[in-house]
file input_1.pdb (PDB, C-alpha atoms)
ATOM      1  CA  MET A   1      -5.376  15.344 -85.923
ATOM      2  CA  THR A   2      -3.930  12.736 -88.232
ATOM      3  CA  LEU A   3      -1.539  11.590 -85.502
ATOM      4  CA  LEU A   4      -4.347  11.270 -82.952
ATOM      5  CA  ALA A   5      -6.515   9.382 -85.419
ATOM      6  CA  SER A   6      -3.757   6.874 -86.117
ATOM      7  CA  PHE A   7      -3.114   6.456 -82.381
ATOM      8  CA  PHE A   8      -6.756   5.711 -81.562
ATOM      9  CA  GLY A   9      -6.944   3.474 -84.597
ATOM     10  CA  SER A  10      -4.046   1.364 -83.310
ATOM     11  CA  LEU A  11      -5.830   0.889 -79.980
ATOM     12  CA  LYS A  12      -8.492  -1.135 -81.770
ATOM     13  CA  GLN A  13      -5.874  -3.801 -82.496
ATOM     14  CA  VAL A  14      -4.824  -4.168 -78.839
ATOM     15  CA  PRO A  15      -7.638  -6.505 -77.629
ATOM     16  CA  PRO A  16      -7.122  -9.041 -80.455
ATOM     17  CA  LEU A  17      -3.359  -8.890 -79.890
ATOM     18  CA  LEU A  18      -3.709  -9.491 -76.146
ATOM     19  CA  ALA A  19      -6.111 -12.333 -76.807
ATOM     20  CA  ALA A  20      -3.644 -13.945 -79.238
ATOM     21  CA  ILE A  21      -0.769 -13.624 -76.736
ATOM     22  CA  THR A  22      -2.903 -15.092 -73.935
ATOM     23  CA  LEU A  23      -4.059 -17.962 -76.125
ATOM     24  CA  ALA A  24      -0.485 -18.717 -77.226
ATOM     25  CA  THR A  25       0.706 -18.701 -73.594
ATOM     26  CA  LEU A  26      -2.048 -21.089 -72.524
ATOM     27  CA  ALA A  27      -1.382 -23.380 -75.481
ATOM     28  CA  ARG A  28       2.364 -23.436 -74.720
ATOM     29  CA  GLY A  29       1.732 -24.284 -71.063
ATOM     30  CA  TRP A  30      -0.689 -27.066 -72.018
ATOM     31  CA  TRP A  31       1.807 -28.491 -74.509
ATOM     32  CA  GLN A  32       4.667 -28.543 -72.001
ATOM     33  CA  LYS A  33       2.520 -30.297 -69.401
ATOM     34  CA  THR A  34       1.055 -32.946 -71.713
ATOM     35  CA  LEU A  35       2.278 -33.942 -75.167
ATOM     36  CA  GLY A  36       5.478 -31.914 -75.168
ATOM     37  CA  ARG A  37       6.618 -32.780 -71.629
ATOM     38  CA  ARG A  38       8.956 -35.545 -72.758
ATOM     39  CA  ARG A  39      10.684 -33.227 -75.211
ATOM     40  CA  LEU A  40      10.971 -30.547 -72.519
ATOM     41  CA  LEU A  41      12.536 -33.012 -70.068
ATOM     42  CA  ARG A  42      15.106 -34.109 -72.636
ATOM     43  CA  ARG A  43      15.992 -30.518 -73.524
ATOM     44  CA  ASN A  44      16.338 -29.468 -69.873
ATOM     45  CA  PHE A  45      18.535 -32.483 -69.117
ATOM     46  CA  GLN A  46      20.897 -31.498 -71.921
ATOM     47  CA  ARG A  47      21.242 -28.079 -70.274
ATOM     48  CA  LEU A  48      22.711 -29.614 -67.122
ATOM     49  CA  ALA A  49      26.449 -29.663 -66.537
ATOM     50  CA  VAL A  50      28.872 -30.699 -63.838
ATOM     51  CA  GLY A  51      29.616 -27.701 -61.627
ATOM     52  CA  MET A  52      26.142 -26.164 -61.727
ATOM     53  CA  ARG A  53      24.438 -24.901 -58.613
ATOM     54  CA  PRO A  54      21.575 -27.032 -57.275
ATOM     55  CA  ASP A  55      19.322 -23.964 -57.458
ATOM     56  CA  ALA A  56      19.884 -23.822 -61.217
ATOM     57  CA  VAL A  57      18.669 -27.420 -61.529
ATOM     58  CA  LYS A  58      15.578 -26.569 -59.475
ATOM     59  CA  GLU A  59      14.773 -23.732 -61.861
ATOM     60  CA  LEU A  60      14.565 -26.265 -64.700
ATOM     61  CA  PHE A  61      12.816 -29.167 -62.956
ATOM     62  CA  GLY A  62      11.157 -27.616 -59.914
ATOM     63  CA  GLU A  63      11.532 -28.788 -56.343
ATOM     64  CA  PRO A  64      12.862 -32.342 -55.816
ATOM     65  CA  LYS A  65      10.662 -34.958 -54.224
ATOM     66  CA  LEU A  66      13.389 -36.659 -52.194
ATOM     67  CA  GLU A  67      16.480 -35.306 -50.459
ATOM     68  CA  ASN A  68      18.890 -37.265 -48.342
ATOM     69  CA  GLN A  69      22.470 -37.042 -47.165
ATOM     70  CA  THR A  70      24.884 -39.722 -48.269
ATOM     71  CA  THR A  71      28.594 -40.442 -48.164
ATOM     72  CA  GLY A  72      30.689 -40.561 -51.313
ATOM     73  CA  TYR A  73      34.309 -41.279 -52.065
ATOM     74  CA  TYR A  74      36.780 -39.639 -54.406
ATOM     75  CA  LEU A  75      39.446 -41.834 -55.935
ATOM     76  CA  GLU A  76      42.606 -39.762 -55.956
ATOM     77  CA  THR A  77      46.169 -40.592 -56.986
ATOM     78  CA  ARG A  78      48.985 -39.682 -54.653
ATOM     79  CA  ARG A  79      52.448 -39.609 -56.123
ATOM     80  CA  TRP A  80      55.280 -40.994 -54.110
ATOM     81  CA  PRO A  81      58.934 -41.057 -55.192
ATOM     82  CA  TRP A  82      58.818 -44.791 -55.800
ATOM     83  CA  ARG A  83      55.182 -45.448 -56.845
ATOM     84  CA  HIS A  84      51.681 -44.105 -57.391
ATOM     85  CA  ARG A  85      49.099 -44.889 -54.786
ATOM     86  CA  PHE A  86      45.296 -44.592 -54.976
ATOM     87  CA  HIS A  87      43.573 -42.937 -52.061
ATOM     88  CA  ARG A  88      39.846 -42.922 -51.198
ATOM     89  CA  ARG A  89      38.748 -39.590 -49.754
ATOM     90  CA  GLU A  90      35.396 -39.490 -47.981
ATOM     91  CA  VAL A  91      33.050 -36.606 -48.803
ATOM     92  CA  ALA A  92      29.511 -35.668 -47.718
ATOM     93  CA  LEU A  93      27.075 -35.485 -50.645
ATOM     94  CA  THR A  94      23.491 -34.297 -50.960
ATOM     95  CA  MET A  95      21.364 -36.557 -53.149
ATOM     96  CA  LEU A  96      18.298 -34.934 -54.741
ATOM     97  CA  THR A  97      15.736 -37.030 -56.603
ATOM     98  CA  TRP A  98      13.073 -35.688 -58.945
ATOM     99  CA  GLU A  99      10.123 -37.863 -59.910
ATOM    100  CA  LEU A 100       9.336 -36.854 -63.495
ATOM    101  CA  GLY A 101       5.741 -38.005 -63.413
ATOM    102  CA  ARG A 102       5.586 -41.535 -64.810
ATOM    103  CA  HIS A 103       8.390 -40.818 -67.256
ATOM    104  CA  GLY A 104      11.398 -41.438 -65.031
ATOM    105  CA  TYR A 105      13.743 -39.991 -62.439
ATOM    106  CA  LEU A 106      16.384 -37.290 -62.298
ATOM    107  CA  VAL A 107      19.074 -37.560 -59.627
ATOM    108  CA  THR A 108      21.852 -35.120 -58.729
ATOM    109  CA  TRP A 109      24.723 -35.480 -56.271
ATOM    110  CA  SER A 110      25.988 -32.192 -54.851
ATOM    111  CA  GLU A 111      28.988 -31.284 -52.751
ATOM    112  CA  GLY A 112      28.125 -28.039 -51.041
ATOM    113  CA  GLU A 113      26.799 -25.643 -53.718
ATOM    114  CA  GLN A 114      28.168 -27.585 -56.675
ATOM    115  CA  VAL A 115      26.693 -30.508 -58.615
ATOM    116  CA  VAL A 116      29.336 -33.209 -59.062
ATOM    117  CA  ALA A 117      27.165 -35.838 -60.823
ATOM    118  CA  TYR A 118      23.711 -36.112 -62.372
ATOM    119  CA  SER A 119      21.715 -38.906 -63.974
ATOM    120  CA  LEU A 120      18.509 -39.564 -65.907
ATOM    121  CA  THR A 121      16.541 -42.828 -65.742
ATOM    122  CA  THR A 122      13.562 -43.719 -67.894
ATOM    123  CA  ALA A 123      10.692 -45.573 -66.232
ATOM    124  CA  SER A 124       8.284 -45.694 -69.169
ATOM    125  CA  ARG A 125       8.419 -47.203 -72.623
ATOM    126  CA  TRP A 126       6.999 -43.940 -73.990
ATOM    127  CA  PHE A 127       9.899 -41.885 -72.613
ATOM    128  CA  ALA A 128      12.949 -42.784 -74.698
ATOM    129  CA  PRO A 129      15.114 -39.635 -74.924
ATOM    130  CA  LYS A 130      17.866 -39.660 -77.518
ATOM    131  CA  LEU A 131      20.936 -38.214 -75.782
ATOM    132  CA  PRO A 132      24.372 -37.545 -77.274
ATOM    133  CA  ILE A 133      27.320 -39.012 -75.400
ATOM    134  CA  GLY A 134      31.057 -38.592 -75.733
ATOM    135  CA  PRO A 135      32.611 -36.619 -78.590
ATOM    136  CA  ALA A 136      30.088 -34.601 -80.574
ATOM    137  CA  ALA A 137      32.006 -35.216 -83.811
ATOM    138  CA  ASP A 138      31.455 -38.985 -83.573
ATOM    139  CA  GLY A 139      27.682 -38.640 -83.586
ATOM    140  CA  ARG A 140      27.416 -41.178 -80.799
ATOM    141  CA  TYR A 141      24.135 -41.252 -78.900
ATOM    142  CA  VAL A 142      22.058 -43.452 -76.610
ATOM    143  CA  CYS A 143      18.292 -43.881 -76.654
ATOM    144  CA  LEU A 144      17.246 -44.782 -73.123
ATOM    145  CA  GLY A 145      15.130 -47.911 -73.037
ATOM    146  CA  ARG A 146      15.773 -48.763 -76.700
ATOM    147  CA  SER A 147      19.553 -48.934 -77.189
ATOM    148  CA  ARG A 148      21.491 -52.020 -76.182
ATOM    149  CA  PHE A 149      24.893 -51.731 -74.554
ATOM    150  CA  ALA A 150      26.595 -53.381 -77.519
ATOM    151  CA  GLN A 151      24.939 -50.940 -79.931
ATOM    152  CA  VAL A 152      26.111 -47.803 -78.151
ATOM    153  CA  ALA A 153      29.811 -48.634 -77.893
ATOM    154  CA  THR A 154      32.070 -51.605 -78.408
ATOM    155  CA  ASN A 155      33.760 -53.359 -75.541
ATOM    156  CA  ASP A 156      37.049 -51.581 -76.358
ATOM    157  CA  PHE A 157      35.643 -48.236 -75.133
ATOM    158  CA  VAL A 158      34.644 -49.579 -71.705
ATOM    159  CA  GLN A 159      37.037 -48.315 -69.039
ATOM    160  CA  GLU A 160      35.329 -49.893 -66.041
ATOM    161  CA  ARG A 161      32.202 -51.913 -65.273
ATOM    162  CA  LEU A 162      30.292 -53.189 -62.273
ATOM    163  CA  GLY A 163      27.414 -55.642 -62.034
ATOM    164  CA  TRP A 164      25.664 -57.101 -59.023
ATOM    165  CA  LEU A 165      22.707 -59.378 -58.331
ATOM    166  CA  GLY A 166      21.324 -59.654 -54.827
ATOM    167  CA  ALA A 167      18.200 -60.979 -53.142
ATOM    168  CA  ARG A 168      16.101 -57.921 -54.107
ATOM    169  CA  ARG A 169      18.457 -55.438 -55.735
ATOM    170  CA  TYR A 170      20.396 -55.696 -58.966
ATOM    171  CA  GLY A 171      22.106 -53.423 -61.441
ATOM    172  CA  TYR A 172      24.875 -52.949 -63.945
ATOM    173  CA  TRP A 173      26.858 -50.019 -65.316
ATOM    174  CA  GLU A 174      29.861 -49.442 -67.489
ATOM    175  CA  MET A 175      32.002 -46.320 -67.668
ATOM    176  CA  HIS A 176      33.287 -44.652 -70.837
ATOM    177  CA  TYR A 177      35.925 -41.955 -71.052
ATOM    178  CA  TRP A 178      36.940 -40.025 -74.172
ATOM    179  CA  GLY A 179      39.336 -37.431 -72.728
ATOM    180  CA  ASN A 180      39.231 -33.931 -74.195
ATOM    181  CA  PRO A 181      36.607 -34.710 -76.899
ATOM    182  CA  GLY A 182      34.373 -36.002 -74.103
ATOM    183  CA  HIS A 183      34.925 -32.821 -72.030
ATOM    184  CA  TYR A 184      37.041 -34.794 -69.530
ATOM    185  CA  GLN A 185      33.910 -36.404 -68.102
ATOM    186  CA  ASN A 186      33.040 -39.961 -67.164
ATOM    187  CA  TRP A 187      29.959 -41.284 -68.967
ATOM    188  CA  TYR A 188      28.148 -44.125 -67.203
ATOM    189  CA  LEU A 189      25.576 -46.241 -69.029
ATOM    190  CA  GLY A 190      23.468 -48.241 -66.611
ATOM    191  CA  TYR A 191      20.865 -50.952 -66.269
ATOM    192  CA  SER A 192      18.845 -49.802 -63.249
ATOM    193  CA  GLN A 193      16.157 -51.778 -61.479
ATOM    194  CA  CYS A 194      14.180 -48.537 -61.040
ATOM    195  CA  GLY A 195      14.070 -47.965 -64.799
ATOM    196  CA  TYR A 196      12.002 -49.373 -67.617
ATOM    197  CA  VAL A 197      13.136 -52.845 -68.639
ATOM    198  CA  LYS A 198      12.101 -53.909 -72.130
ATOM    199  CA  HIS A 199      13.453 -57.443 -71.740
ATOM    200  CA  ARG A 200      14.602 -58.914 -68.453
ATOM    201  CA  ALA A 201      18.296 -59.744 -68.411
ATOM    202  CA  ARG A 202      20.400 -61.252 -65.647
ATOM    203  CA  PRO A 203      23.202 -58.825 -64.751
ATOM    204  CA  PRO A 204      26.629 -60.444 -64.498
ATOM    205  CA  GLN A 205      28.234 -60.444 -61.064
ATOM    206  CA  THR A 206      31.523 -58.897 -62.108
ATOM    207  CA  GLU A 207      33.090 -59.124 -58.651
ATOM    208  CA  THR A 208      32.755 -62.901 -58.438
ATOM    209  CA  GLU A 209      35.181 -65.460 -59.782
ATOM    210  CA  GLY A 210      32.530 -67.255 -61.843
ATOM    211  CA  CYS A 211      31.898 -64.236 -64.068
ATOM    212  CA  THR A 212      33.400 -64.775 -67.521
ATOM    213  CA  GLU A 213      33.903 -62.454 -70.466
ATOM    214  CA  GLU A 214      31.355 -64.403 -72.487
ATOM    215  CA  THR A 215      28.725 -63.826 -69.804
ATOM    216  CA  ILE A 216      29.378 -60.086 -69.867
ATOM    217  CA  GLN A 217      29.218 -59.868 -73.660
ATOM    218  CA  GLU A 218      25.993 -61.869 -73.752
ATOM    219  CA  PHE A 219      24.453 -59.427 -71.304
ATOM    220  CA  ARG A 220      25.666 -56.428 -73.352
ATOM    221  CA  ARG A 221      24.036 -57.857 -76.481
ATOM    222  CA  SER A 222      20.648 -58.439 -74.810
ATOM    223  CA  ALA A 223      20.242 -55.728 -72.141
ATOM    224  CA  TYR A 224      18.937 -52.235 -72.859
ATOM    225  CA  VAL A 225      20.395 -49.044 -71.396
ATOM    226  CA  ASN A 226      17.779 -47.318 -69.239
ATOM    227  CA  SER A 227      19.956 -44.922 -67.240
ATOM    228  CA  ILE A 228      22.806 -42.491 -67.921
ATOM    229  CA  LEU A 229      25.053 -40.735 -65.412
ATOM    230  CA  ILE A 230      27.634 -38.017 -66.052
ATOM    231  CA  THR A 231      30.347 -36.912 -63.645
ATOM    232  CA  ARG A 232      33.741 -35.298 -63.759
ATOM    233  CA  SER A 233      36.858 -37.378 -64.139
ATOM    234  CA  LEU A 234      39.275 -35.517 -61.839
ATOM    235  CA  PRO A 235      38.902 -36.431 -59.081
ATOM    236  CA  THR A 236      36.930 -39.557 -59.909
ATOM    237  CA  LEU A 237      33.740 -40.047 -57.918
ATOM    238  CA  GLU A 238      33.105 -43.634 -56.869
ATOM    239  CA  ILE A 239      29.795 -44.687 -58.404
ATOM    240  CA  ARG A 240      27.561 -47.270 -56.789
ATOM    241  CA  GLU A 241      24.514 -47.135 -59.078
ATOM    242  CA  THR A 242      23.464 -44.879 -61.938
ATOM    243  CA  GLY A 243      19.775 -44.597 -61.106
ATOM    244  CA  PRO A 244      17.873 -43.519 -58.000
ATOM    245  CA  HIS A 245      18.075 -45.391 -54.728
ATOM    246  CA  GLY A 246      15.621 -48.265 -54.968
ATOM    247  CA  ASP A 247      14.695 -48.326 -51.286
ATOM    248  CA  LEU A 248      13.747 -44.629 -51.388
ATOM    249  CA  VAL A 249      11.919 -44.572 -54.702
ATOM    250  CA  ARG A 250       9.704 -47.585 -54.088
ATOM    251  CA  LEU A 251       8.040 -45.767 -51.164
ATOM    252  CA  THR A 252       6.815 -42.983 -53.460
ATOM    253  CA  VAL A 253       5.594 -45.062 -56.417
ATOM    254  CA  GLN A 254       1.841 -44.761 -56.924
ATOM    255  CA  PRO A 255       0.038 -47.810 -58.372
ATOM    256  CA  THR A 256      -1.506 -47.480 -61.810
ATOM    257  CA  TRP A 257      -5.210 -47.933 -62.507
ATOM    258  CA  ARG A 258      -4.519 -51.392 -63.916
ATOM    259  CA  GLN A 259      -2.750 -52.455 -60.729
ATOM    260  CA  LYS A 260      -5.599 -51.066 -58.622
ATOM    261  CA  ALA A 261      -8.153 -52.910 -60.745
ATOM    262  CA  GLY A 262      -6.187 -56.141 -60.399
ATOM    263  CA  VAL A 263      -6.063 -55.800 -56.616
ATOM    264  CA  ARG A 264      -9.813 -55.156 -56.453
ATOM    265  CA  MET A 265     -10.491 -58.181 -58.653
ATOM    266  CA  ARG A 266      -8.320 -60.485 -56.554
ATOM    267  CA  TRP A 267      -9.915 -59.130 -53.388
ATOM    268  CA  ALA A 268     -13.401 -59.784 -54.764
ATOM    269  CA  GLN A 269     -12.435 -63.317 -55.765
ATOM    270  CA  ALA A 270     -11.025 -63.990 -52.323
ATOM    271  CA  ARG A 271     -14.286 -62.918 -50.674
ATOM    272  CA  VAL A 272     -16.307 -65.399 -52.729
ATOM    273  CA  ARG A 273     -16.233 -68.689 -50.842
ATOM    274  CA  PRO A 274     -16.597 -72.018 -52.616
ATOM    275  CA  GLY A 275     -20.164 -73.333 -52.446
ATOM    276  CA  SER A 276     -21.692 -69.989 -51.442
TER
END

call {"tool": "encode", "arguments": {"input": "input_1.pdb", "output": "structure tokens"}}
result
Amino acid sequence: MTLLASFFGSLKQVPPLLAAITLATLARGWWQKTLGRRRLLRRNFQRLAVGMRPDAVKELFGEPKLENQTTGYYLETRRWPWRHRFHRREVALTMLTWELGRHGYLVTWSEGEQVVAYSLTTASRWFAPKLPIGPAADGRYVCLGRSRFAQVATNDFVQERLGWLGARRYGYWEMHYWGNPGHYQNWYLGYSQCGYVKHRARPPQTETEGCTEETIQEFRRSAYVNSILITRSLPTLEIRETGPHGDLVRLTVQPTWRQKAGVRMRWAQARVRPGS
């Protein structure tokens, strides 16, 4: 009888316990969708790694908004008896783009069932994830949208850089490599036109003859990093830009309420004729 009494007595605690579990689940879901979404995005991005399956990335971020096939190139070294020669090998890549609300963009490049590169770009001043880069022992990190290129690393750590400025597209990135402490990965810090720009800076055209070292250093001291890309070093994947493709992303951008209000105001002013 004592055992039965204790059993039925424990059943009285079940409804409050279920209610507490349900309330905690609802509160956790609300937090991850609103105030805690930026923290969740940063934590999920740190879980990514080169060599993952694309399905594993979809489990963390959901279904991508854009998918397109592109052509990439691997820079490989072929050894000959008398010299070393670089060879560009063409490869078909699948580019997946996630639109992370108004916070930014996540992009992955996959070869078959393996992710070979992935990047994160901030598109809002409120989304400034603090991400570690390079050797963990150095304590080096980058805060997207708030860290300048010169603050993250000195010019001595830059292995390669590329900047371009066209009629409607521009960008800049620089590659860092730390060997074994950096997990034999190439770390690209970029200035993407699809990302949040705190202060406008003119990217140097590194492939032109008029580009000087002083111009590059002036840009590194003034421009903010808004994009980061990570890829493996062997073989080296030829990088064109660190952020999403501008021509694809601009078709999916929804105007904000301020932009809509401005359009309505200009339209109303245009309808009012002088003297009427």

call {"tool": "residues_around", "arguments": {"input": "input_1.pdb", "residues": "segment 89-92 of chain A", "least_positions_apart": "5", "cutoff": "7 Å", "atoms": "all atoms listed in the file", "output": "PyMOL selection string"}}
result
chain A and resi 70-75+111

call {"tool": "atom_distance", "arguments": {"input": "input_1.pdb", "atom1": "atom CA of Tyr170 of chain A", "atom2": "atom CA of Arg43 of chain A"}}
result
29.4 Å

call {"tool": "closest_residue", "arguments": {"input": "input_1.pdb", "among": "A:Thr212, A:Gln46, A:Ser110, A:Asn186", "to": "Leu131 of chain A", "atoms": "only C-alpha atoms"}}
result
A:Gln46

call {"tool": "atom_distance", "arguments": {"input": "input_1.pdb", "atom1": "atom CA of Thr154 of chain A", "atom2": "atom CA of Trp178 of chain A"}}
result
13.3 Å

call {"tool": "axis_aligned_box", "arguments": {"input": "input_1.pdb", "around": "segment 87-101 of chain A", "padding_each_side": "3 Å", "output": "AutoDock Vina command-line options"}}
result
--center_x 24.7 --center_y -38.6 --center_z -55.6 --size_x 43.8 --size_y 14.6 --size_z 21.8

call {"tool": "closest_residue", "arguments": {"input": "input_1.pdb", "among": "A:Arg47, A:Arg146, A:Arg221, A:His245", "to": "Ala128 of chain A", "atoms": "all atoms listed in the file"}}
result
A:Arg146

call {"tool": "resolve_selection", "arguments": {"input": "input_1.pdb", "expression": "the PyMOL selection byres ((chain A and resi 58) around 12)", "output": "list in words"}}
result
Asn44, Phe45, Leu48, Met52, Arg53, Pro54, Asp55, Ala56, Val57, Glu59, Leu60, Phe61, Gly62, Glu63, Pro64, Lys65, Leu96, Thr97, Trp98, Leu106, Val107, Thr108 and Val115 of chain A

call {"tool": "atom_distance", "arguments": {"input": "input_1.pdb", "atom1": "atom CA of Gly51 of chain A", "atom2": "atom CA of Thr231 of chain A"}}
result
9.5 Å

call {"tool": "residues_around", "arguments": {"input": "input_1.pdb", "residues": "segment 222-230 of chain A", "least_positions_apart": "3", "cutoff": "8 Å", "atoms": "all atoms listed in the file", "output": "short mmCIF file (atom, residue, chain, number, x, y, z; two decimals) with C-alpha atoms, in the frame of the given file"}}
result
data_model
loop_
_atom_site.label_atom_id
_atom_site.label_comp_id
_atom_site.auth_asym_id
_atom_site.auth_seq_id
_atom_site.Cartn_x
_atom_site.Cartn_y
_atom_site.Cartn_z
CA VAL A 50 28.87 -30.70 -63.84
CA ALA A 117 27.16 -35.84 -60.82
CA TYR A 118 23.71 -36.11 -62.37
CA SER A 119 21.72 -38.91 -63.97
CA LEU A 120 18.51 -39.56 -65.91
CA THR A 121 16.54 -42.83 -65.74
CA THR A 122 13.56 -43.72 -67.89
CA ALA A 123 10.69 -45.57 -66.23
CA VAL A 142 22.06 -43.45 -76.61
CA CYS A 143 18.29 -43.88 -76.65
CA LEU A 144 17.25 -44.78 -73.12
CA GLY A 145 15.13 -47.91 -73.04
CA ARG A 146 15.77 -48.76 -76.70
CA SER A 147 19.55 -48.93 -77.19
CA ARG A 148 21.49 -52.02 -76.18
CA PHE A 149 24.89 -51.73 -74.55
CA GLN A 185 33.91 -36.40 -68.10
CA ASN A 186 33.04 -39.96 -67.16
CA TRP A 187 29.96 -41.28 -68.97
CA TYR A 188 28.15 -44.12 -67.20
CA LEU A 189 25.58 -46.24 -69.03
CA GLY A 190 23.47 -48.24 -66.61
CA TYR A 191 20.86 -50.95 -66.27
CA SER A 192 18.84 -49.80 -63.25
CA GLY A 195 14.07 -47.96 -64.80
CA TYR A 196 12.00 -49.37 -67.62
CA VAL A 197 13.14 -52.84 -68.64
CA LYS A 198 12.10 -53.91 -72.13
CA HIS A 199 13.45 -57.44 -71.74
CA ARG A 200 14.60 -58.91 -68.45
CA ALA A 201 18.30 -59.74 -68.41
CA GLU A 218 25.99 -61.87 -73.75
CA PHE A 219 24.45 -59.43 -71.30
CA THR A 242 23.46 -44.88 -61.94
CA GLY A 243 19.77 -44.60 -61.11
#

call {"tool": "closest_residue", "arguments": {"input": "input_1.pdb", "among": "A:Arg37, A:Arg42, A:Glu207, A:Arg88", "to": "Pro132 of chain A", "atoms": "all atoms listed in the file"}}
result
A:Arg42

call {"tool": "residues_around", "arguments": {"input": "input_1.pdb", "residues": "Gly139 of chain A", "least_positions_apart": "3", "cutoff": "12 Å", "atoms": "only C-alpha atoms", "output": "list in words"}}
result
Lys130, Leu131, Pro132, Ile133, Gly134, Pro135, Ala136, Val142, Val152, Ala153, Pro181 and Gly182 of chain A

call {"tool": "residues_around", "arguments": {"input": "input_1.pdb", "residues": "Trp164 of chain A", "least_positions_apart": "2", "cutoff": "12 Å", "atoms": "all atoms listed in the file", "output": "number ranges by chain"}}
result
A: 161-162, 166-173, 190-193, 202-208, 211, 216, 240-241

call {"tool": "resolve_selection", "arguments": {"input": "input_1.pdb", "expression": "the PyMOL selection byres ((chain A and resi 249) around 10)", "output": "ChimeraX atom specification"}}
result
/A:65-66,97-99,105,194,244-248,250-253
